[in-house]
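Asks: structure-v1.cif is the file, holding mmCIF, C-alpha atoms, pLDDT in the B column; chains and numbers go by the auth columns:
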```cif
data_entry
#
loop_
_atom_site.group_PDB
_atom_site.id
_atom_site.type_symbol
_atom_site.label_atom_id
_atom_site.label_comp_id
_atom_site.label_asym_id
_atom_site.label_seq_id
_atom_site.Cartn_x
_atom_site.Cartn_y
_atom_site.Cartn_z
_atom_site.B_iso_or_equiv
_atom_site.auth_seq_id
_atom_site.auth_asym_id
ATOM 1 C CA MET A 1 -48.901 43.630 -42.044 70.00 1 R
ATOM 2 C CA SER A 2 -48.247 45.382 -38.771 84.00 2 R
ATOM 3 C CA ILE A 3 -47.439 44.370 -35.249 88.00 3 R
ATOM 4 C CA GLU A 4 -50.753 46.044 -34.367 87.00 4 R
ATOM 5 C CA ASP A 5 -52.447 43.045 -36.022 87.00 5 R
ATOM 6 C CA CYS A 6 -51.086 40.777 -33.261 92.00 6 R
ATOM 7 C CA LYS A 7 -53.661 40.743 -30.502 94.00 7 R
ATOM 8 C CA LEU A 8 -54.702 38.698 -27.518 94.00 8 R
ATOM 9 C CA ILE A 9 -57.844 36.644 -27.981 94.00 9 R
ATOM 10 C CA ASP A 10 -59.920 35.529 -24.983 93.00 10 R
ATOM 11 C CA LEU A 11 -61.917 32.335 -25.334 94.00 11 R
ATOM 12 C CA PRO A 12 -65.143 31.512 -23.507 94.00 12 R
ATOM 13 C CA ALA A 13 -65.021 29.339 -20.426 93.00 13 R
ATOM 14 C CA VAL A 14 -67.722 27.209 -18.861 95.00 14 R
ATOM 15 C CA SER A 15 -67.064 26.489 -15.192 94.00 15 R
ATOM 16 C CA ASP A 16 -68.793 24.253 -12.695 95.00 16 R
ATOM 17 C CA PRO A 17 -67.671 22.214 -9.667 95.00 17 R
ATOM 18 C CA ARG A 18 -66.236 19.545 -12.009 95.00 18 R
ATOM 19 C CA GLY A 19 -63.782 21.989 -13.572 95.00 19 R
ATOM 20 C CA ASP A 20 -63.457 24.381 -16.472 94.00 20 R
ATOM 21 C CA LEU A 21 -64.115 23.855 -20.169 94.00 21 R
ATOM 22 C CA THR A 22 -62.891 26.203 -22.883 94.00 22 R
ATOM 23 C CA PHE A 23 -63.740 25.861 -26.551 94.00 23 R
ATOM 24 C CA VAL A 24 -62.715 27.524 -29.795 94.00 24 R
ATOM 25 C CA GLU A 25 -64.575 27.806 -33.083 93.00 25 R
ATOM 26 C CA GLY A 26 -62.780 28.766 -36.285 92.00 26 R
ATOM 27 C CA GLY A 27 -64.220 31.873 -37.930 91.00 27 R
ATOM 28 C CA ASN A 28 -65.924 32.792 -34.653 93.00 28 R
ATOM 29 C CA HIS A 29 -63.373 32.960 -31.829 94.00 29 R
ATOM 30 C CA VAL A 30 -60.379 33.101 -34.192 94.00 30 R
ATOM 31 C CA PRO A 31 -60.394 35.151 -37.416 94.00 31 R
ATOM 32 C CA PHE A 32 -59.895 32.173 -39.757 96.00 32 R
ATOM 33 C CA GLN A 33 -61.072 28.626 -40.362 96.00 33 R
ATOM 34 C CA ILE A 34 -58.782 26.220 -38.509 97.00 34 R
ATOM 35 C CA ARG A 35 -56.961 23.950 -40.971 97.00 35 R
ATOM 36 C CA ARG A 36 -54.284 22.539 -38.656 97.00 36 R
ATOM 37 C CA VAL A 37 -53.679 22.119 -34.914 97.00 37 R
ATOM 38 C CA TYR A 38 -50.336 21.219 -33.395 97.00 38 R
ATOM 39 C CA TYR A 39 -48.722 21.491 -29.993 96.00 39 R
ATOM 40 C CA LEU A 40 -45.271 21.668 -28.458 97.00 40 R
ATOM 41 C CA TYR A 41 -44.449 19.899 -25.204 97.00 41 R
ATOM 42 C CA ASN A 42 -41.413 18.560 -23.364 97.00 42 R
ATOM 43 C CA VAL A 43 -39.600 21.694 -24.509 96.00 43 R
ATOM 44 C CA PRO A 44 -36.426 22.249 -22.455 95.00 44 R
ATOM 45 C CA VAL A 45 -36.668 25.477 -20.433 92.00 45 R
ATOM 46 C CA ASP A 46 -33.654 27.001 -22.223 92.00 46 R
ATOM 47 C CA SER A 47 -34.916 26.199 -25.749 95.00 47 R
ATOM 48 C CA GLU A 48 -36.133 28.606 -28.392 96.00 48 R
ATOM 49 C CA ARG A 49 -38.822 27.836 -30.944 96.00 49 R
ATOM 50 C CA GLY A 50 -40.248 29.787 -33.838 95.00 50 R
ATOM 51 C CA GLY A 51 -37.618 31.993 -35.418 96.00 51 R
ATOM 52 C CA HIS A 52 -39.568 32.494 -38.633 97.00 52 R
ATOM 53 C CA ALA A 53 -42.425 34.297 -40.365 96.00 53 R
ATOM 54 C CA HIS A 54 -45.035 33.062 -42.837 95.00 54 R
ATOM 55 C CA HIS A 55 -46.053 34.482 -46.184 92.00 55 R
ATOM 56 C CA ASP A 56 -49.728 33.504 -45.834 94.00 56 R
ATOM 57 C CA LEU A 57 -50.312 31.509 -42.638 96.00 57 R
ATOM 58 C CA GLU A 58 -52.211 32.981 -39.682 97.00 58 R
ATOM 59 C CA GLN A 59 -51.967 31.465 -36.199 97.00 59 R
ATOM 60 C CA VAL A 60 -53.339 31.702 -32.693 98.00 60 R
ATOM 61 C CA ILE A 61 -50.957 30.419 -30.018 98.00 61 R
ATOM 62 C CA PHE A 62 -52.030 29.270 -26.539 98.00 62 R
ATOM 63 C CA ALA A 63 -50.250 28.156 -23.380 98.00 63 R
ATOM 64 C CA LEU A 64 -52.393 25.179 -22.385 97.00 64 R
ATOM 65 C CA SER A 65 -50.127 24.532 -19.404 97.00 65 R
ATOM 66 C CA GLY A 66 -47.259 26.516 -17.922 97.00 66 R
ATOM 67 C CA SER A 67 -45.991 29.665 -19.587 98.00 67 R
ATOM 68 C CA PHE A 68 -43.697 31.019 -22.275 98.00 68 R
ATOM 69 C CA ARG A 69 -42.799 34.284 -23.980 98.00 69 R
ATOM 70 C CA ILE A 70 -43.589 35.147 -27.602 98.00 70 R
ATOM 71 C CA THR A 71 -41.785 38.019 -29.292 98.00 71 R
ATOM 72 C CA VAL A 72 -43.481 39.317 -32.433 98.00 72 R
ATOM 73 C CA ASP A 73 -41.747 41.569 -34.944 96.00 73 R
ATOM 74 C CA ASP A 74 -43.051 43.249 -38.103 94.00 74 R
ATOM 75 C CA GLY A 75 -39.589 44.385 -39.247 91.00 75 R
ATOM 76 C CA ARG A 76 -40.072 47.811 -37.704 90.00 76 R
ATOM 77 C CA GLU A 77 -41.139 47.101 -34.118 94.00 77 R
ATOM 78 C CA ARG A 78 -40.892 44.203 -31.634 96.00 78 R
ATOM 79 C CA ARG A 79 -43.282 43.329 -28.803 97.00 79 R
ATOM 80 C CA GLU A 80 -43.238 40.643 -26.135 97.00 80 R
ATOM 81 C CA HIS A 81 -46.248 38.730 -24.876 97.00 81 R
ATOM 82 C CA TRP A 82 -46.289 36.241 -22.003 98.00 82 R
ATOM 83 C CA LEU A 83 -48.826 33.462 -22.377 98.00 83 R
ATOM 84 C CA ARG A 84 -49.882 31.579 -19.250 97.00 84 R
ATOM 85 C CA ASP A 85 -53.685 31.365 -19.312 96.00 85 R
ATOM 86 C CA PRO A 86 -55.219 28.569 -21.433 95.00 86 R
ATOM 87 C CA ARG A 87 -58.265 30.751 -22.131 94.00 87 R
ATOM 88 C CA GLY A 88 -56.213 33.414 -23.902 95.00 88 R
ATOM 89 C CA GLY A 89 -54.181 33.129 -27.072 97.00 89 R
ATOM 90 C CA LEU A 90 -52.103 35.411 -29.229 98.00 90 R
ATOM 91 C CA TYR A 91 -53.261 35.972 -32.805 98.00 91 R
ATOM 92 C CA ILE A 92 -50.335 36.358 -35.222 97.00 92 R
ATOM 93 C CA ASN A 93 -51.126 37.535 -38.721 94.00 93 R
ATOM 94 C CA ARG A 94 -49.088 36.666 -41.804 93.00 94 R
ATOM 95 C CA LEU A 95 -45.721 38.375 -42.388 92.00 95 R
ATOM 96 C CA ILE A 96 -44.933 38.662 -38.682 96.00 96 R
ATOM 97 C CA TRP A 97 -41.689 37.232 -37.312 97.00 97 R
ATOM 98 C CA ARG A 98 -42.154 35.201 -34.132 98.00 98 R
ATOM 99 C CA GLU A 99 -39.778 33.804 -31.514 98.00 99 R
ATOM 100 C CA ILE A 100 -40.889 31.682 -28.561 98.00 100 R
ATOM 101 C CA ASP A 101 -38.708 31.145 -25.485 98.00 101 R
ATOM 102 C CA ALA A 102 -38.599 31.142 -21.677 97.00 102 R
ATOM 103 C CA PHE A 103 -40.666 27.956 -21.461 98.00 103 R
ATOM 104 C CA SER A 104 -41.613 26.962 -17.939 97.00 104 R
ATOM 105 C CA GLN A 105 -41.155 23.360 -16.865 96.00 105 R
ATOM 106 C CA GLY A 106 -44.025 21.311 -18.297 96.00 106 R
ATOM 107 C CA ALA A 107 -45.299 24.040 -20.624 97.00 107 R
ATOM 108 C CA VAL A 108 -47.623 22.990 -23.425 98.00 108 R
ATOM 109 C CA CYS A 109 -47.975 25.326 -26.420 98.00 109 R
ATOM 110 C CA MET A 110 -50.935 24.733 -28.764 98.00 110 R
ATOM 111 C CA VAL A 111 -51.128 26.405 -32.170 98.00 111 R
ATOM 112 C CA LEU A 112 -54.218 26.823 -34.342 97.00 112 R
ATOM 113 C CA ALA A 113 -53.225 27.449 -37.957 98.00 113 R
ATOM 114 C CA SER A 114 -55.116 28.726 -40.986 98.00 114 R
ATOM 115 C CA GLN A 115 -53.338 26.396 -43.448 98.00 115 R
ATOM 116 C CA PRO A 116 -51.845 22.918 -43.610 97.00 116 R
ATOM 117 C CA TYR A 117 -48.063 22.679 -43.310 97.00 117 R
ATOM 118 C CA ASP A 118 -46.231 24.112 -46.325 97.00 118 R
ATOM 119 C CA GLU A 119 -42.465 24.620 -46.120 97.00 119 R
ATOM 120 C CA ALA A 120 -42.625 27.134 -49.012 96.00 120 R
ATOM 121 C CA ASP A 121 -44.722 29.447 -46.796 95.00 121 R
ATOM 122 C CA TYR A 122 -41.879 29.905 -44.275 96.00 122 R
ATOM 123 C CA ILE A 123 -39.406 32.790 -44.148 95.00 123 R
ATOM 124 C CA ARG A 124 -36.635 31.368 -41.964 96.00 124 R
ATOM 125 C CA ASP A 125 -33.910 34.003 -42.310 96.00 125 R
ATOM 126 C CA TYR A 126 -34.444 37.170 -40.249 96.00 126 R
ATOM 127 C CA ASP A 127 -32.133 39.308 -42.382 94.00 127 R
ATOM 128 C CA GLU A 128 -34.015 38.218 -45.501 90.00 128 R
ATOM 129 C CA PHE A 129 -37.308 39.052 -43.755 93.00 129 R
ATOM 130 C CA THR A 130 -36.218 42.557 -42.697 91.00 130 R
ATOM 131 C CA ALA A 131 -34.585 43.289 -46.072 86.00 131 R
ATOM 132 C CA ALA A 132 -37.832 42.371 -47.827 79.00 132 R
ATOM 133 C CA ILE A 133 -39.842 44.579 -45.457 84.00 133 R
ATOM 134 C CA THR A 134 -37.426 47.507 -45.948 82.00 134 R
ATOM 135 C CA ALA A 135 -37.444 47.102 -49.741 77.00 135 R
ATOM 136 C CA GLY A 136 -41.240 46.950 -49.781 73.00 136 R
ATOM 137 C CA VAL A 137 -41.207 43.445 -51.260 68.00 137 R
ATOM 138 C CA ILE A 138 -43.290 42.407 -48.264 66.00 138 R
ATOM 139 C CA PRO A 139 -45.856 45.134 -47.549 55.00 139 R
#
```
Please re-express this file's structure in structure tokens.
Replies:
Amino acid sequence: MSIEDCKLIDLPAVSDPRGDLTFVEGGNHVPFQIRRVYYLYNVPVDSERGGHAHHDLEQVIFALSGSFRITVDDGRERREHWLRDPRGGLYINRLIWREIDAFSQGAVCMVLASQPYDEADYIRDYDEFTAAITAGVIP
């Protein structure tokens, strides 16, 4: 996998005088069927989340409220993305390291995931991740 696979996804919005409505359909707006949804909130502004990669899981991450920074890394290159618009999310393919920080006060981070939770799918050690990429164990 490559960092080029990480891309911003814009969702449709329906607006009228009562407010805005945004929706997401798995397999249509995101490139997988949604198998799990979770969200982070009440995150202290100086906290860091993420700090891992996944063997098989794909995700799209949204800032429903507030903002935060996501750094993605394929073992060769790193890129930063700031999320602050609830209509736009960041697609992260499998085998991409991710770190989330710089949470604004009151930020809410929602994640759409392609699989249910599975601890065995996580790569939690960055040195192990980069060594596997370098050795070609992880393509």
Asks: Selected by the PyMOL selection byres ((chain R and resi 3) around 9) in the shown coordinates: which residues, as a PyMOL selection string?
Replies: chain R and resi 1-2+4-7+72-79+92-93+96
Asks: Translate the PyMOL selection byres ((chain R and resi 132) around 12), as applied to the file shown, into an explicit residue set as a list in words.
Replies: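 Taken on the displayed file, the PyMOL selection byres ((chain R and resi 132) around 12) yields the residues Ala53, His55, Asp74, Gly75, Arg76, Leu95, Ile123, Asp125, Tyr126, Asp127, Glu128, Phe129, Thr130, Ala131, Ile133, Thr134, Ala135, Gly136, Val137, Ile138 and Pro139 of chain R.
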Asks: Tell me which of R:Pro44, R:Pro17, R:Gly89, R:Gly50 sits closest to Val30 in chain R, counting all atoms listed in the file.
Replies: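 So, comparing all the options, the nearest one is R:Gly89.
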Asks: Counting only C-alpha atoms, figure out which residue out of R:Gly106, R:Pro116, R:Gly88, R:Gly66 gets nearest to Val43 in chain R.
Replies: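 That would be R:Gly106, the residue with the smallest distance to Val43 in chain R.
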Asks: Determine the residue membership of the PyMOL selection byres ((chain R and resi 68) around 8) for the file above and supply it as a PyMOL selection string.
Replies: chain R and resi 63+66-67+69-70+82-84+100-104+107
Asks: Enumerate, as a list in words, the protein, DNA and RNA residues whose atoms approach (-51.3, 35.3, -43.0) to within 6 Å, taking into account all atoms listed in the file and the coordinate frame of the file.
Replies: Asp56, Leu57, Glu58, Asn93 and Arg94 of chain R
Asks: So which residues touch Met110 in chain R within 6 Å, counting all atoms listed in the file, skipping near sequence neighbours fewer than 6 positions away, as a PyMOL selection string?
Replies: chain R and resi 38-39+61-62
Asks: Export, as an mmCIF file, in the frame of the given file, the selected residues with C-alpha atoms.
Replies:
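For reference, again_3.cif as written:
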```cif
data_model
loop_
_atom_site.group_PDB
_atom_site.id
_atom_site.type_symbol
_atom_site.label_atom_id
_atom_site.label_comp_id
_atom_site.auth_asym_id
_atom_site.auth_seq_id
_atom_site.Cartn_x
_atom_site.Cartn_y
_atom_site.Cartn_z
ATOM 1 C CA TYR R 38 -50.336 21.219 -33.395
ATOM 2 C CA TYR R 39 -48.722 21.491 -29.993
ATOM 3 C CA ILE R 61 -50.957 30.419 -30.018
ATOM 4 C CA PHE R 62 -52.030 29.270 -26.539
#
```
Asks: What separation in Å, quoted to one decimal, exists between CA of Tyr91 in chain R and CA of His29 in chain R?
Replies: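 Between these atoms lies a distance of 10.6 Å.
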Asks: As a PyMOL selection string, please: the residues near Val108 in chain R (cut-off 6 Å, all atoms listed in the file, same-chain neighbours under 6 positions excluded).
Replies: chain R and resi 40-41+63-65
